[in-house]
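What follows is the content of upload.txt, which has compact mmCIF, C-alpha atoms:
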# COMPACT_ATOMS: atom_id res chain seq x y z
CA MET A 1 0.00 0.00 0.00
CA PRO A 2 1.45 3.35 -0.99
CA HIS A 3 2.28 5.70 1.87
CA SER A 4 1.11 9.28 1.73
CA SER A 5 3.88 11.82 1.46
CA ARG A 6 1.66 14.46 3.05
CA PRO A 7 3.54 15.89 6.05
CA LYS A 8 1.96 15.10 9.37
CA ARG A 9 0.61 17.91 11.45
CA PRO A 10 2.44 18.38 14.71
CA ILE A 11 0.45 17.18 17.69
CA ASN A 12 -0.29 20.08 19.99
CA PRO A 13 -0.27 19.06 23.63
CA LYS A 14 -3.54 19.55 25.41
CA ARG A 15 -3.68 22.92 27.12
CA THR A 16 -4.88 23.04 30.71
CA SER A 17 -5.91 25.96 32.88
CA VAL A 18 -4.56 25.76 36.42
CA THR A 19 -5.64 28.10 39.19
CA ASP A 20 -3.08 28.45 41.95
CA THR A 21 -3.64 29.11 45.63
CA ASP A 22 -3.46 32.88 45.13
CA GLY A 23 -6.26 32.87 42.56
CA TRP A 24 -4.07 33.31 39.46
CA THR A 25 -4.83 31.14 36.41
CA HIS A 26 -1.99 29.60 34.39
CA VAL A 27 -2.47 27.98 30.96
CA THR A 28 -0.08 25.08 30.49
CA ASN A 29 0.16 21.62 28.94
CA GLY A 30 -0.49 18.50 30.95
CA SER A 31 3.15 17.67 31.54
CA ASN A 32 3.75 21.06 33.13
CA VAL A 33 0.76 21.15 35.46
CA ARG A 34 2.65 19.84 38.46
CA ARG A 35 5.61 22.10 37.74
CA ALA A 36 3.35 25.16 37.50
CA MET A 37 1.74 24.34 40.81
CA ARG A 38 5.08 23.70 42.49
CA GLN A 39 6.39 27.09 41.41
CA LYS A 40 3.86 28.84 43.64
CA THR A 41 4.72 28.80 47.32
CA GLN A 42 1.94 27.23 49.34
CA PRO A 43 0.58 29.53 52.02
CA GLU A 44 0.97 28.62 55.65
CA PRO A 45 -2.12 26.79 56.94
CA THR A 46 -4.43 28.78 59.17
CA LEU A 47 -4.39 27.38 62.68
CA VAL A 48 -7.85 26.34 63.84
CA PRO A 49 -9.06 24.34 66.86
CA ALA A 50 -7.93 20.73 66.65
CA GLU A 51 -10.56 18.08 66.01
CA ALA A 52 -11.07 15.72 68.94
CA PRO A 53 -12.26 12.13 68.42
CA GLY A 54 -16.06 12.05 68.42
CA ARG A 55 -16.46 9.77 71.44
CA LEU A 56 -13.88 11.50 73.63
CA THR A 57 -15.43 13.05 76.74
CA LEU A 58 -13.95 15.46 79.27
CA SER A 59 -13.87 12.64 81.83
CA ASP A 60 -11.88 10.47 79.39
CA LEU A 61 -9.45 13.31 78.71
CA GLN A 62 -8.97 13.97 82.43
CA THR A 63 -8.22 10.27 82.96
CA GLN A 64 -5.66 10.35 80.14
CA PHE A 65 -4.04 13.44 81.61
CA SER A 66 -3.82 11.88 85.07
CA ALA A 67 -1.98 8.86 83.61
CA HIS A 68 0.47 11.07 81.71
CA ARG A 69 1.03 13.24 84.77
CA GLU A 70 1.76 10.20 86.94
CA ARG A 71 4.40 8.96 84.49
CA TRP A 72 6.02 12.41 84.21
CA GLU A 73 5.90 13.11 87.95
CA SER A 74 7.56 9.78 88.79
CA SER A 75 10.29 10.18 86.15
CA GLU A 76 13.95 10.93 86.74
CA SER A 77 13.59 13.78 84.24
CA TRP A 78 11.15 15.66 86.44
CA ALA A 79 13.09 14.84 89.61
CA LYS A 80 16.18 16.53 88.16
CA VAL A 81 14.30 19.54 86.77
CA ALA A 82 12.36 19.93 90.02
CA GLY A 83 15.60 20.07 92.01
CA VAL A 84 17.08 22.79 89.82
CA LEU A 85 13.83 24.76 89.79
CA ARG A 86 13.48 24.55 93.58
CA GLU A 87 17.01 25.89 94.00
CA ARG A 88 16.31 28.81 91.67
CA LEU A 89 13.07 29.69 93.45
CA GLU A 90 14.67 29.53 96.90
CA GLN A 91 17.51 31.81 95.80
CA ARG A 92 15.12 34.50 94.61
CA PRO A 93 12.42 34.76 97.31
CA ALA A 94 12.25 38.56 97.21
CA ARG A 95 10.94 38.57 93.64
CA ALA A 96 8.11 36.08 93.38
CA VAL A 97 6.81 34.68 90.08
CA ASP A 98 3.96 36.98 89.05
CA ALA A 99 2.61 34.69 86.28
CA ILE A 100 3.33 31.53 84.33
CA VAL A 101 2.50 31.98 80.65
CA CYS A 102 2.27 28.92 78.38
CA ILE A 103 2.58 29.51 74.63
CA GLY A 104 2.26 26.79 71.99
CA LEU A 105 1.24 23.78 74.08
CA GLY A 106 -0.78 22.18 71.29
CA SER A 107 -4.04 20.30 71.75
CA PRO A 108 -4.12 17.57 74.42
CA SER A 109 -7.27 16.10 72.86
CA GLY A 110 -7.34 16.69 69.11
CA PHE A 111 -5.68 16.05 65.77
CA LEU A 112 -3.98 18.83 63.84
CA ARG A 113 -4.30 19.60 60.12
CA ASP A 114 -7.33 17.45 59.36
CA GLY A 115 -5.99 14.49 61.31
CA TRP A 116 -2.54 14.34 59.71
CA VAL A 117 -0.61 14.94 62.92
CA ASP A 118 -1.26 13.18 66.22
CA ARG A 119 0.77 14.85 68.96
CA ARG A 120 -1.75 14.44 71.78
CA ALA A 121 0.64 12.44 73.98
CA VAL A 122 3.31 15.13 73.55
CA SER A 123 0.86 17.84 74.61
CA LEU A 124 -0.39 15.79 77.57
CA TYR A 125 3.15 15.21 78.87
CA GLN A 126 4.04 18.86 78.37
CA LEU A 127 0.86 19.88 80.18
CA ALA A 128 1.86 17.54 83.01
CA ALA A 129 5.21 19.33 83.20
CA LEU A 130 3.45 22.70 83.27
CA VAL A 131 1.17 21.64 86.14
CA CYS A 132 4.07 20.17 88.13
CA ILE A 133 5.99 23.42 87.69
CA LYS A 134 2.92 25.40 88.76
CA ASP A 135 2.60 23.29 91.93
CA GLN A 136 6.25 23.77 92.78
CA VAL A 137 6.06 27.54 92.30
CA GLU A 138 2.97 27.62 94.53
CA ALA A 139 4.81 25.65 97.22
CA THR A 140 7.62 28.20 97.40
CA SER A 141 5.70 31.42 96.73
CA THR A 142 4.03 33.64 99.31
CA SER A 143 2.28 35.73 96.67
CA PRO A 144 -0.61 34.64 94.45
CA PHE A 145 0.03 34.33 90.74
CA LYS A 146 -1.91 33.42 87.61
CA ILE A 147 -1.21 30.77 85.00
CA TYR A 148 -2.21 31.37 81.40
CA ALA A 149 -2.19 29.28 78.22
CA GLN A 150 -2.50 30.45 74.63
CA ASP A 151 -2.72 28.34 71.48
CA PRO A 152 -5.18 28.74 68.57
CA VAL A 153 -5.52 24.94 68.26
CA PHE A 154 -7.23 24.59 71.66
CA ASN A 155 -10.74 23.17 71.30
CA THR A 156 -13.58 23.22 73.84
CA LEU A 157 -12.40 19.98 75.48
CA ASP A 158 -8.90 21.39 75.90
CA GLU A 159 -10.26 24.59 77.41
CA SER A 160 -12.38 22.62 79.89
CA LEU A 161 -9.40 20.47 80.87
CA LEU A 162 -7.24 23.56 81.41
CA ALA A 163 -9.95 25.36 83.36
CA GLY A 164 -10.16 22.39 85.75
CA LEU A 165 -6.42 22.83 86.37
CA ASP A 166 -6.86 26.57 87.18
CA ILE A 167 -5.25 27.58 83.89
CA THR A 168 -6.80 30.57 82.11
CA VAL A 169 -7.00 30.24 78.32
CA LEU A 170 -6.20 33.43 76.41
CA SER A 171 -6.79 34.33 72.77
CA HIS A 172 -3.83 35.28 70.59
CA PRO A 173 -2.00 37.59 71.24
CA GLU A 174 -3.24 38.35 74.78
CA GLY A 175 -0.65 36.06 76.36
CA PHE A 176 2.21 38.22 75.11
CA SER A 177 1.15 41.14 77.31
CA HIS A 178 1.45 39.05 80.50
CA ILE A 179 5.21 38.48 80.21
CA THR A 180 7.38 40.54 82.58
CA GLN A 181 10.82 40.17 84.12
CA ASP A 182 9.13 38.38 87.06
CA SER A 183 7.28 35.86 84.87
CA MET A 184 7.93 32.30 83.83
CA LEU A 185 7.50 31.51 80.14
CA PHE A 186 6.58 27.90 79.37
CA CYS A 187 7.02 27.47 75.62
CA PRO A 188 7.74 23.89 74.51
CA GLY A 189 6.12 24.45 71.11
CA ALA A 190 6.33 28.20 70.49
CA GLU A 191 7.28 29.35 66.99
CA ARG A 192 10.50 31.30 66.56
CA GLN A 193 8.57 34.37 65.39
CA HIS A 194 6.65 34.34 68.66
CA LEU A 195 9.77 33.87 70.77
CA GLU A 196 11.27 36.93 69.13
CA LEU A 197 8.31 38.92 70.44
CA LEU A 198 8.30 37.32 73.89
CA LEU A 199 11.96 37.23 74.91
CA PRO A 200 12.66 40.99 74.87
CA SER A 201 10.52 41.08 78.05
CA LYS A 202 13.33 39.04 79.72
CA PRO A 203 11.23 36.51 81.71
CA TRP A 204 13.41 35.29 84.56
CA LEU A 205 12.38 31.66 84.05
CA LEU A 206 11.80 29.86 80.77
CA PHE A 207 11.05 26.22 80.04
CA GLY A 208 11.39 25.24 76.38
CA GLY A 209 13.85 25.64 73.55
CA PRO A 210 16.46 24.78 72.69
CA LEU A 211 17.53 28.34 71.91
CA GLU A 212 21.28 27.78 71.61
CA HIS A 213 21.35 27.34 67.82
CA ALA A 214 19.69 30.66 67.03
CA ASP A 215 21.40 33.19 64.75
CA ALA A 216 24.15 35.14 66.43
CA GLY A 217 23.13 38.65 67.36
CA GLY A 218 19.41 37.88 67.34
CA VAL A 219 16.84 38.15 70.12
CA LEU A 220 17.12 34.45 71.00
CA GLN A 221 20.91 34.52 71.24
CA SER A 222 20.73 37.66 73.34
CA TYR A 223 18.45 35.89 75.81
CA VAL A 224 20.71 32.82 75.93
CA ARG A 225 23.74 35.02 76.53
CA ASP A 226 22.06 36.61 79.56
CA THR A 227 20.84 33.38 81.18
CA ASP A 228 22.04 30.13 82.69
CA SER A 229 20.29 26.88 81.86
CA TYR A 230 19.84 23.21 82.65
CA CYS A 231 19.06 20.60 79.97
CA VAL A 232 16.10 18.32 80.70
CA PRO A 233 17.36 14.71 80.96
CA PRO A 234 15.89 12.29 78.39
CA PHE A 235 12.33 11.34 79.25
CA GLU A 236 12.12 7.61 78.61
CA ALA A 237 8.33 7.38 78.25
CA LEU A 238 8.33 9.73 75.22
CA GLU A 239 11.75 11.20 74.55
CA HIS A 240 10.76 13.68 71.84
CA ALA A 241 8.20 15.35 74.14
CA PHE A 242 11.10 17.21 75.81
CA TRP A 243 13.86 16.72 73.26
CA ASN A 244 16.81 19.03 74.08
CA MET A 245 14.58 21.37 76.09
CA ARG A 246 16.02 23.42 78.91
CA LEU A 247 15.10 25.33 82.00
CA TYR A 248 16.58 28.84 81.62
CA TRP A 249 16.90 31.47 84.32
CA THR A 250 18.31 34.94 84.55
CA GLY A 251 20.90 35.38 87.25
CA GLU A 252 23.83 37.64 87.75
CA LYS A 253 24.44 37.74 83.99
CA GLY A 254 20.88 38.89 83.29
CA GLU A 255 20.92 41.55 86.02
CA GLU A 256 24.20 43.29 85.28
Final structure tokens representation of the file:
Amino acid sequence: MPHSSRPKRPINPKRTSVTDTDGWTHVTNGSNVRRAMRQKTQPEPTLVPAEAPGRLTLSDLQTQFSAHRERWESSESWAKVAGVLRERLEQRPARAVDAIVCIGLGSPSGFLRDGWVDRRAVSLYQLAALVCIKDQVEATSTSPFKIYAQDPVFNTLDESLLAGLDITVLSHPEGFSHITQDSMLFCPGAERQHLELLLPSKPWLLFGGPLEHADAGGVLQSYVRDTDSYCVPPFEALEHAFWNMRLYWTGEKGEE
């Protein structure tokens, strides 16, 4: 059969319209769709209250917290931290803690980002550490003080749990205004951008970090330079709940 000598028309790839996350529309062929989408930086997700399992009740959550607190309170990690904290508090009786402010605890009851991240155990252990610290400050303080917690992922179950522990939940950014040089900042999950707003207030106690690897000359390095610290020993029940965290305190360096 004779073959036609007519030149073949070039095949045009199918054109596709792609709308990116900013609302712009790009016309591209199929092979470039993924590349076009990758070229646009995805916006940071908006933090919303975490979604708790449907059958979880406040009573269930309180039982879970009690179990996590018992494991933390009986650990060598807390025993060591408690000893250092007690020493710091006893050496500074004239200037009592006026408030403990918790930033970035996370949700003790719910899943983050549509159920992709389950860090409930981390939050429960960190909450246990916060409550143990609160009890120790109360035992050595002659002045009343308040304890606050701020995190946009708190849901109604979290808020009820915290209220039962005498912790006042604040909306962002109310917590920032409660930090003074006589405060304790508890920030195991605070974002760097928030720490840069909080640390210029020079809280005399801080639990969180680590801050040592911050850029030289920045707010975080300035705070580290003016404080002493003690590294939390590995917590065997869930090591990454307190991975490389420290108890920081201002002393003679911070008061020069």
Query raised in the report: Given the choices A:Val224, A:Val219, A:Leu47, A:Ala149, which gets closest to Val101 of chain A if the distance is worked out from all atoms listed in the file?
Result: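 Ranked by minimum distance to Val101 of chain A, first place goes to A:Ala149.
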Requested in this report: Mind giving me the straight-line distance from atom CA of Leu105 of chain A to atom CA of Pro144 of chain A in Å, one decimal?
Outcome: 23.2 Å
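Taking atom CA of Leu206 of chain A and atom CA of Val232 of chain A as the two end points, the separation is 12.3 Å.
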Near Arg69 of chain A, within 8 Å and counting only C-alpha atoms, which residues show up once chain neighbours fewer than 6 positions away are dropped, as a PDB file with C-alpha atoms, in the coordinates of the input?
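The result, written out as result-v7.pdb:
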ATOM      1  CA  LEU A 124      -0.390  15.790  77.570  1.00  0.00           C
ATOM      2  CA  TYR A 125       3.150  15.210  78.870  1.00  0.00           C
ATOM      3  CA  ALA A 128       1.860  17.540  83.010  1.00  0.00           C
ATOM      4  CA  ALA A 129       5.210  19.330  83.200  1.00  0.00           C
TER       5      ALA A 129
END
Requested in this report: Go ahead and compute the interatomic distance for atom CA of Ser74 of chain A and atom CA of Ala139 of chain A, in Å to one decimal.
Outcome: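 One can read the atom CA of Ser74 of chain A to atom CA of Ala139 of chain A distance as 18.2 Å.
All protein and nucleic acid residues in the vicinity of (-8.6, 18.9, 72.9), that is within 7 Å when counting all atoms listed in the file, are Ala50, Ala52, Ser107, Pro108, Ser109, Gly110, Phe154, Asn155, Thr156, Leu157 and Asp158 of chain A.
For the residues A:Val169, A:Val122, A:Val131, A:Ile100, ranking by smallest atom-to-atom distance to Trp243 of chain A using all atoms listed in the file places A:Val122 first.
Closest to Arg92 of chain A among A:Glu196, A:Asp182, A:Asp226, A:Glu191 is A:Asp182, based on only C-alpha atoms.
Using all atoms listed in the file for every distance, the candidate list A:Ala82, A:Leu61, A:Leu247, A:Leu112 yields A:Leu247 as the residue closest to Pro188 of chain A.
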Query - All residues 12 Å or closer to Glu76 of chain A, all atoms listed in the file, same chain fewer than 4 positions away omitted, as a list in words - result: Arg71, Trp72, Lys80, Val81, Ala82, Gly83, Val232, Pro233, Pro234, Phe235, Glu236 and Ala237 of chain A
Query raised in the report: Looking at only C-alpha atoms, which of A:Gly104, A:Ser123, A:Gln91, A:Thr63 is the one that sits closest to Ala241 of chain A?
Result: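 So, comparing all the options, the nearest one is A:Ser123.
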